[in-house]
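> Next comes the structure file my_file20.cif, holding mmCIF, C-alpha atoms.
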```cif
data_structure
loop_
_atom_site.label_atom_id
_atom_site.label_comp_id
_atom_site.auth_asym_id
_atom_site.auth_seq_id
_atom_site.Cartn_x
_atom_site.Cartn_y
_atom_site.Cartn_z
CA MET A 1 22.47 35.84 -3.09
CA GLU A 2 24.13 37.25 -0.02
CA LYS A 3 20.81 37.67 1.75
CA LEU A 4 20.37 33.88 1.85
CA ARG A 5 23.71 33.26 3.63
CA ALA A 6 21.95 33.79 6.99
CA ILE A 7 19.83 30.66 6.51
CA GLU A 8 22.33 28.62 4.48
CA SER A 9 23.35 26.16 7.21
CA GLN A 10 19.98 25.87 8.92
CA THR A 11 17.75 22.80 8.86
CA PHE A 12 14.01 23.34 8.77
CA ALA A 13 11.27 21.12 10.16
CA SER A 14 8.98 21.63 7.17
CA ASP A 15 8.82 23.20 3.77
CA LEU A 16 6.59 25.94 5.18
CA ASP A 17 9.26 26.89 7.72
CA PHE A 18 11.84 27.03 4.92
CA LYS A 19 9.61 29.21 2.72
CA SER A 20 8.95 31.54 5.63
CA ALA A 21 12.68 31.90 6.37
CA VAL A 22 13.43 32.61 2.71
CA ALA A 23 10.69 35.24 2.60
CA SER A 24 12.13 36.87 5.73
CA ALA A 25 15.63 36.85 4.28
CA ILE A 26 15.00 38.13 0.76
CA GLY A 27 11.48 39.56 0.87
CA VAL A 28 8.10 38.15 0.00
CA THR A 29 8.11 39.26 -3.64
CA GLU A 30 11.49 37.76 -4.47
CA ALA A 31 10.69 34.61 -2.48
CA LYS A 32 7.54 34.03 -4.56
CA GLN A 33 9.41 34.77 -7.78
CA PHE A 34 12.20 32.26 -7.08
CA GLU A 35 10.29 29.79 -4.89
CA ALA A 36 10.54 26.76 -7.19
CA VAL A 37 14.25 27.25 -7.85
CA LEU A 38 15.09 27.80 -4.17
CA VAL A 39 13.08 24.83 -2.88
CA THR A 40 14.58 22.54 -5.53
CA ALA A 41 18.10 23.70 -4.78
CA ALA A 42 17.68 23.44 -1.00
CA ALA A 43 16.02 20.04 -0.81
CA LYS A 44 18.10 16.90 -0.63
CA MET A 45 16.09 14.41 -2.65
CA ASN A 46 17.06 10.95 -3.81
CA ALA A 47 15.74 10.78 -7.39
CA VAL A 48 15.88 6.97 -7.48
CA LEU A 49 13.82 6.73 -4.27
CA ILE A 50 11.23 9.14 -5.69
CA LEU A 51 11.02 7.13 -8.92
CA ILE A 52 10.62 3.87 -6.99
CA GLY A 53 7.88 5.45 -4.85
CA ILE A 54 5.95 6.65 -7.90
CA LEU A 55 6.28 3.30 -9.66
CA LEU A 56 5.13 1.43 -6.55
CA PHE A 57 2.13 3.74 -6.17
CA VAL A 58 1.08 3.23 -9.80
CA SER A 59 1.61 -0.54 -9.54
CA PHE A 60 -0.38 -0.95 -6.34
CA TYR A 61 -3.18 1.28 -7.61
CA ALA A 62 -3.36 -0.69 -10.87
CA VAL A 63 -3.94 -3.97 -9.01
CA SER A 64 -6.13 -2.68 -6.19
CA ILE A 65 -8.77 0.01 -6.00
CA GLY A 66 -8.26 1.24 -9.58
CA PRO A 67 -9.91 -1.58 -11.54
CA VAL A 68 -11.53 -3.34 -8.58
CA MET A 69 -13.77 -0.36 -7.88
CA TRP A 70 -15.45 -0.71 -11.29
CA VAL A 71 -15.91 -4.46 -10.92
CA LEU A 72 -17.38 -3.96 -7.46
CA PHE A 73 -19.84 -1.37 -8.76
CA SER A 74 -21.06 -3.78 -11.44
CA GLU A 75 -21.66 -6.41 -8.77
CA LEU A 76 -23.33 -4.24 -6.14
CA PHE A 77 -26.06 -2.57 -8.19
CA PRO A 78 -29.14 -4.52 -9.28
CA ASN A 79 -29.60 -5.19 -12.99
CA ARG A 80 -32.54 -2.81 -13.44
CA ILE A 81 -30.52 0.29 -12.37
CA ARG A 82 -26.94 -0.88 -12.98
CA GLY A 83 -26.22 1.33 -16.02
CA LEU A 84 -27.57 4.51 -14.42
CA ALA A 85 -26.03 3.77 -11.02
CA ILE A 86 -22.55 3.07 -12.40
CA SER A 87 -22.75 6.24 -14.52
CA PHE A 88 -23.71 8.27 -11.46
CA VAL A 89 -21.00 6.74 -9.26
CA GLY A 90 -18.47 7.34 -12.06
CA LEU A 91 -19.52 10.99 -12.21
CA VAL A 92 -19.13 11.35 -8.44
CA ASN A 93 -15.72 9.66 -8.61
CA LEU A 94 -14.47 11.93 -11.40
CA THR A 95 -15.89 15.02 -9.67
CA PHE A 96 -13.97 14.28 -6.49
CA ALA A 97 -10.82 13.47 -8.48
CA PHE A 98 -11.17 16.88 -10.17
CA LEU A 99 -11.69 18.63 -6.82
CA VAL A 100 -8.62 16.94 -5.34
CA GLN A 101 -6.53 18.11 -8.30
CA LEU A 102 -7.96 21.61 -7.96
CA VAL A 103 -7.28 21.88 -4.22
CA PHE A 104 -3.92 20.04 -4.13
CA PRO A 105 -1.67 23.01 -5.07
CA TRP A 106 -3.41 25.18 -2.47
CA GLN A 107 -2.89 22.48 0.16
CA LEU A 108 0.82 22.20 -0.61
CA THR A 109 1.25 25.97 -0.39
CA ASN A 110 -0.79 26.52 2.77
CA LEU A 111 -0.55 23.24 4.68
CA GLY A 112 2.85 22.00 3.55
CA ASN A 113 3.85 18.65 2.10
CA ALA A 114 3.69 16.60 5.30
CA LEU A 115 0.23 17.70 6.44
CA THR A 116 -1.22 17.46 2.93
CA PHE A 117 -0.14 13.86 2.45
CA PHE A 118 -1.04 13.01 6.04
CA LEU A 119 -4.62 14.16 5.34
CA TYR A 120 -4.74 11.95 2.24
CA ALA A 121 -3.44 9.03 4.30
CA ILE A 122 -6.21 9.59 6.87
CA PHE A 123 -8.84 9.51 4.11
CA ALA A 124 -7.29 6.31 2.73
CA VAL A 125 -7.50 4.64 6.16
CA ILE A 126 -11.11 5.80 6.59
CA GLY A 127 -11.92 4.37 3.15
CA LEU A 128 -10.26 1.06 4.02
CA LEU A 129 -12.17 0.82 7.31
CA PHE A 130 -15.43 1.58 5.51
CA ILE A 131 -14.76 -1.10 2.90
CA VAL A 132 -13.88 -3.70 5.54
CA ALA A 133 -16.95 -2.84 7.63
CA LYS A 134 -19.64 -2.24 5.00
CA VAL A 135 -18.76 -3.80 1.64
CA PRO A 136 -19.84 -7.44 1.40
CA GLU A 137 -17.68 -10.21 0.01
CA THR A 138 -18.77 -11.02 -3.55
CA LYS A 139 -16.32 -13.80 -4.41
CA GLY A 140 -17.96 -16.92 -5.79
CA LYS A 141 -21.47 -15.43 -5.94
CA SER A 142 -23.50 -14.86 -9.07
CA LEU A 143 -24.99 -11.46 -9.88
CA GLU A 144 -28.44 -12.87 -9.10
CA GLU A 145 -27.30 -14.11 -5.66
CA LEU A 146 -25.77 -10.71 -4.95
CA GLU A 147 -28.96 -8.93 -5.94
CA VAL A 148 -30.99 -11.06 -3.52
CA LEU A 149 -28.40 -10.46 -0.80
CA LEU A 150 -28.05 -6.70 -1.30
CA VAL A 151 -31.47 -5.48 -2.46
CA LYS A 152 -34.18 -5.27 0.15
CA SER A 153 -37.54 -5.71 -1.60
CA PRO A 154 -40.41 -3.56 -0.25
#
```
Hey, can you dump this file as structure tokens for me?

Amino acid sequence: MEKLRAIESQTFASDLDFKSAVASAIGVTEAKQFEAVLVTAAAKMNAVLILIGILLFVSFYAVSIGPVMWVLFSELFPNRIRGLAISFVGLVNLTFAFLVQLVFPWQLTNLGNALTFFLYAIFAVIGLLFIVAKVPETKGKSLEELEVLLVKSP
């Protein structure tokens, strides 16, 4: 399109700046209609680097908080409420995972890629700090020892 020649050689600081320039050049309606095609064509992405990043994420998740969270839950709750407590925590976990998936496209559109992932990084750091500060070490302790340690009897 000839209308896009005006922004052809420009470099943009963020995807939101690029989308705004495209909308100014060709109009909001056409920009929305061809947004995916234009962003894909304009971005210089290394497919191998993206694949490596995704594989590393899945690998690190699979050996860290993914399965460890469920083991930790089974150790932290006392026997008498363990089944109900783990079910409730699982429901909360899945609810927040659903909400993240629901809000994620809106975040990308309105906040941009960089700010969206920066916010997730902040939450990850907060979670790490919480775990380091508040979650007790359970290695080498029996479930009975953990219950005595964690449950305050009235």
> Identify all residues satisfying the PyMOL selection byres ((chain A and resi 74) around 12) in the given file; provide them as a short mmCIF file (atom, residue, chain, number, x, y, z; two decimals) with C-alpha atoms, in the frame of the given file.

```cif
data_model
loop_
_atom_site.label_atom_id
_atom_site.label_comp_id
_atom_site.auth_asym_id
_atom_site.auth_seq_id
_atom_site.Cartn_x
_atom_site.Cartn_y
_atom_site.Cartn_z
CA PRO A 67 -9.91 -1.58 -11.54
CA VAL A 68 -11.53 -3.34 -8.58
CA MET A 69 -13.77 -0.36 -7.88
CA TRP A 70 -15.45 -0.71 -11.29
CA VAL A 71 -15.91 -4.46 -10.92
CA LEU A 72 -17.38 -3.96 -7.46
CA PHE A 73 -19.84 -1.37 -8.76
CA GLU A 75 -21.66 -6.41 -8.77
CA LEU A 76 -23.33 -4.24 -6.14
CA PHE A 77 -26.06 -2.57 -8.19
CA PRO A 78 -29.14 -4.52 -9.28
CA ASN A 79 -29.60 -5.19 -12.99
CA ARG A 80 -32.54 -2.81 -13.44
CA ILE A 81 -30.52 0.29 -12.37
CA ARG A 82 -26.94 -0.88 -12.98
CA GLY A 83 -26.22 1.33 -16.02
CA LEU A 84 -27.57 4.51 -14.42
CA ALA A 85 -26.03 3.77 -11.02
CA ILE A 86 -22.55 3.07 -12.40
CA SER A 87 -22.75 6.24 -14.52
CA VAL A 89 -21.00 6.74 -9.26
CA GLY A 90 -18.47 7.34 -12.06
CA THR A 138 -18.77 -11.02 -3.55
CA SER A 142 -23.50 -14.86 -9.07
CA LEU A 143 -24.99 -11.46 -9.88
CA GLU A 144 -28.44 -12.87 -9.10
CA LEU A 146 -25.77 -10.71 -4.95
CA GLU A 147 -28.96 -8.93 -5.94
#
```
> Would you list the contacts of A:Ile7 as an MDAnalysis selection string, taking every protein, DNA or RNA residue within 9 Å and counting only C-alpha atoms, but skipping same-chain residues closer than 3 positions in sequence?
chainID A and resid 3:4 10:11 18 21:22 25
> Store the residues picked out above in a file with C-alpha atoms, as a short mmCIF file (atom, residue, chain, number, x, y, z; two decimals), in the coordinates of the input.

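Writing done, so here's selection-v1.cif:
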```
data_model
loop_
_atom_site.label_atom_id
_atom_site.label_comp_id
_atom_site.auth_asym_id
_atom_site.auth_seq_id
_atom_site.Cartn_x
_atom_site.Cartn_y
_atom_site.Cartn_z
CA LYS A 3 20.81 37.67 1.75
CA LEU A 4 20.37 33.88 1.85
CA GLN A 10 19.98 25.87 8.92
CA THR A 11 17.75 22.80 8.86
CA PHE A 18 11.84 27.03 4.92
CA ALA A 21 12.68 31.90 6.37
CA VAL A 22 13.43 32.61 2.71
CA ALA A 25 15.63 36.85 4.28
#
```
> Nearest to A:Val39: which of A:Lys19, A:Phe60, A:Phe88, A:Gly53 is it, counting all atoms listed in the file?
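Among the listed residues, the smallest separation from A:Val39 belongs to A:Lys19.
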> Written as a list in words, which residues does the PyMOL selection byres ((chain A and resi 94-110) around 12) give for the file shown?
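Evaluating the PyMOL selection byres ((chain A and resi 94-110) around 12) on this file yields Ser14, Asp15, Leu16, Asp17, Phe18, Lys19, Ser20, Lys32, Glu35, Ala36, Ser87, Phe88, Val89, Gly90, Leu91, Val92, Asn93, Leu111, Gly112, Asn113, Ala114, Leu115, Thr116, Phe117, Phe118, Leu119 and Tyr120 of chain A.
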> Of the residues A:Val151, A:Ile65, A:Leu56, A:Ile50, which is the one nearest to A:Leu128, using all atoms listed in the file?
A:Ile65
> So how far away is atom CA of A:Val58 from atom CA of A:Asn46, in Å?
18.7 Å
> What separation in Å, quoted to one decimal, exists between atom CA of A:Ser9 and atom CA of A:Leu38?
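Result for atom CA of A:Ser9 versus atom CA of A:Leu38: 14.2 Å, one decimal.
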> Around all the atoms of stretch 110-129 of chain A listed in the file, draw an axis-aligned box and extend it by 5 Å on each of the six sides; I want its centre and edge lengths in Å to one decimal, as JSON.

```
{"center_x": -4.2, "center_y": 13.7, "center_z": 4.7, "size_x": 26.0, "size_y": 35.7, "size_z": 15.2}
```
> One number please: atom CA of A:Leu149 to atom CA of A:Glu137, in Å, one decimal.
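Straight-line distance from atom CA of A:Leu149 to atom CA of A:Glu137 works out to 10.8 Å.
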> Kindly reconstruct stretch 44-65 of chain A with N, CA and C atoms and present the result as an mmCIF file, in the coordinates of the input.

```
data_model
loop_
_atom_site.group_PDB
_atom_site.id
_atom_site.type_symbol
_atom_site.label_atom_id
_atom_site.label_comp_id
_atom_site.auth_asym_id
_atom_site.auth_seq_id
_atom_site.Cartn_x
_atom_site.Cartn_y
_atom_site.Cartn_z
ATOM 1 N N LYS A 44 17.243 18.051 -0.330
ATOM 2 C CA LYS A 44 18.100 16.900 -0.630
ATOM 3 C C LYS A 44 17.166 15.742 -0.940
ATOM 4 N N MET A 45 17.011 15.450 -2.236
ATOM 5 C CA MET A 45 16.090 14.410 -2.650
ATOM 6 C C MET A 45 16.855 13.311 -3.392
ATOM 7 N N ASN A 46 16.489 12.091 -3.112
ATOM 8 C CA ASN A 46 17.060 10.950 -3.810
ATOM 9 C C ASN A 46 16.145 10.635 -4.989
ATOM 10 N N ALA A 47 16.577 10.948 -6.203
ATOM 11 C CA ALA A 47 15.740 10.780 -7.390
ATOM 12 C C ALA A 47 15.325 9.323 -7.595
ATOM 13 N N VAL A 48 16.209 8.388 -7.306
ATOM 14 C CA VAL A 48 15.880 6.970 -7.480
ATOM 15 C C VAL A 48 14.769 6.569 -6.504
ATOM 16 N N LEU A 49 14.850 7.037 -5.261
ATOM 17 C CA LEU A 49 13.820 6.730 -4.270
ATOM 18 C C LEU A 49 12.475 7.317 -4.693
ATOM 19 N N ILE A 50 12.474 8.519 -5.226
ATOM 20 C CA ILE A 50 11.230 9.140 -5.690
ATOM 21 C C ILE A 50 10.650 8.339 -6.846
ATOM 22 N N LEU A 51 11.483 7.933 -7.791
ATOM 23 C CA LEU A 51 11.020 7.130 -8.920
ATOM 24 C C LEU A 51 10.434 5.805 -8.449
ATOM 25 N N ILE A 52 11.114 5.136 -7.530
ATOM 26 C CA ILE A 52 10.620 3.870 -6.990
ATOM 27 C C ILE A 52 9.274 4.078 -6.300
ATOM 28 N N GLY A 53 9.146 5.143 -5.531
ATOM 29 C CA GLY A 53 7.880 5.450 -4.850
ATOM 30 C C GLY A 53 6.741 5.665 -5.829
ATOM 31 N N ILE A 54 6.986 6.402 -6.900
ATOM 32 C CA ILE A 54 5.950 6.650 -7.900
ATOM 33 C C ILE A 54 5.565 5.352 -8.607
ATOM 34 N N LEU A 55 6.564 4.564 -8.985
ATOM 35 C CA LEU A 55 6.280 3.300 -9.660
ATOM 36 C C LEU A 55 5.507 2.332 -8.763
ATOM 37 N N LEU A 56 5.863 2.285 -7.479
ATOM 38 C CA LEU A 56 5.130 1.430 -6.550
ATOM 39 C C LEU A 56 3.689 1.893 -6.386
ATOM 40 N N PHE A 57 3.491 3.203 -6.293
ATOM 41 C CA PHE A 57 2.130 3.740 -6.170
ATOM 42 C C PHE A 57 1.287 3.335 -7.377
ATOM 43 N N VAL A 58 1.814 3.564 -8.582
ATOM 44 C CA VAL A 58 1.080 3.230 -9.800
ATOM 45 C C VAL A 58 0.796 1.726 -9.863
ATOM 46 N N SER A 59 1.785 0.910 -9.511
ATOM 47 C CA SER A 59 1.610 -0.540 -9.540
ATOM 48 C C SER A 59 0.530 -1.006 -8.571
ATOM 49 N N PHE A 60 0.602 -0.521 -7.332
ATOM 50 C CA PHE A 60 -0.380 -0.950 -6.340
ATOM 51 C C PHE A 60 -1.778 -0.438 -6.677
ATOM 52 N N TYR A 61 -1.876 0.758 -7.210
ATOM 53 C CA TYR A 61 -3.180 1.280 -7.610
ATOM 54 C C TYR A 61 -3.762 0.449 -8.753
ATOM 55 N N ALA A 62 -2.913 0.059 -9.700
ATOM 56 C CA ALA A 62 -3.360 -0.690 -10.870
ATOM 57 C C ALA A 62 -3.879 -2.080 -10.527
ATOM 58 N N VAL A 63 -3.469 -2.635 -9.395
ATOM 59 C CA VAL A 63 -3.940 -3.970 -9.010
ATOM 60 C C VAL A 63 -4.865 -3.935 -7.806
ATOM 61 N N SER A 64 -5.255 -2.749 -7.368
ATOM 62 C CA SER A 64 -6.130 -2.680 -6.190
ATOM 63 C C SER A 64 -7.379 -1.879 -6.512
ATOM 64 N N ILE A 65 -7.519 -0.741 -5.922
ATOM 65 C CA ILE A 65 -8.770 0.010 -6.000
ATOM 66 C C ILE A 65 -9.059 0.552 -7.392
#
```
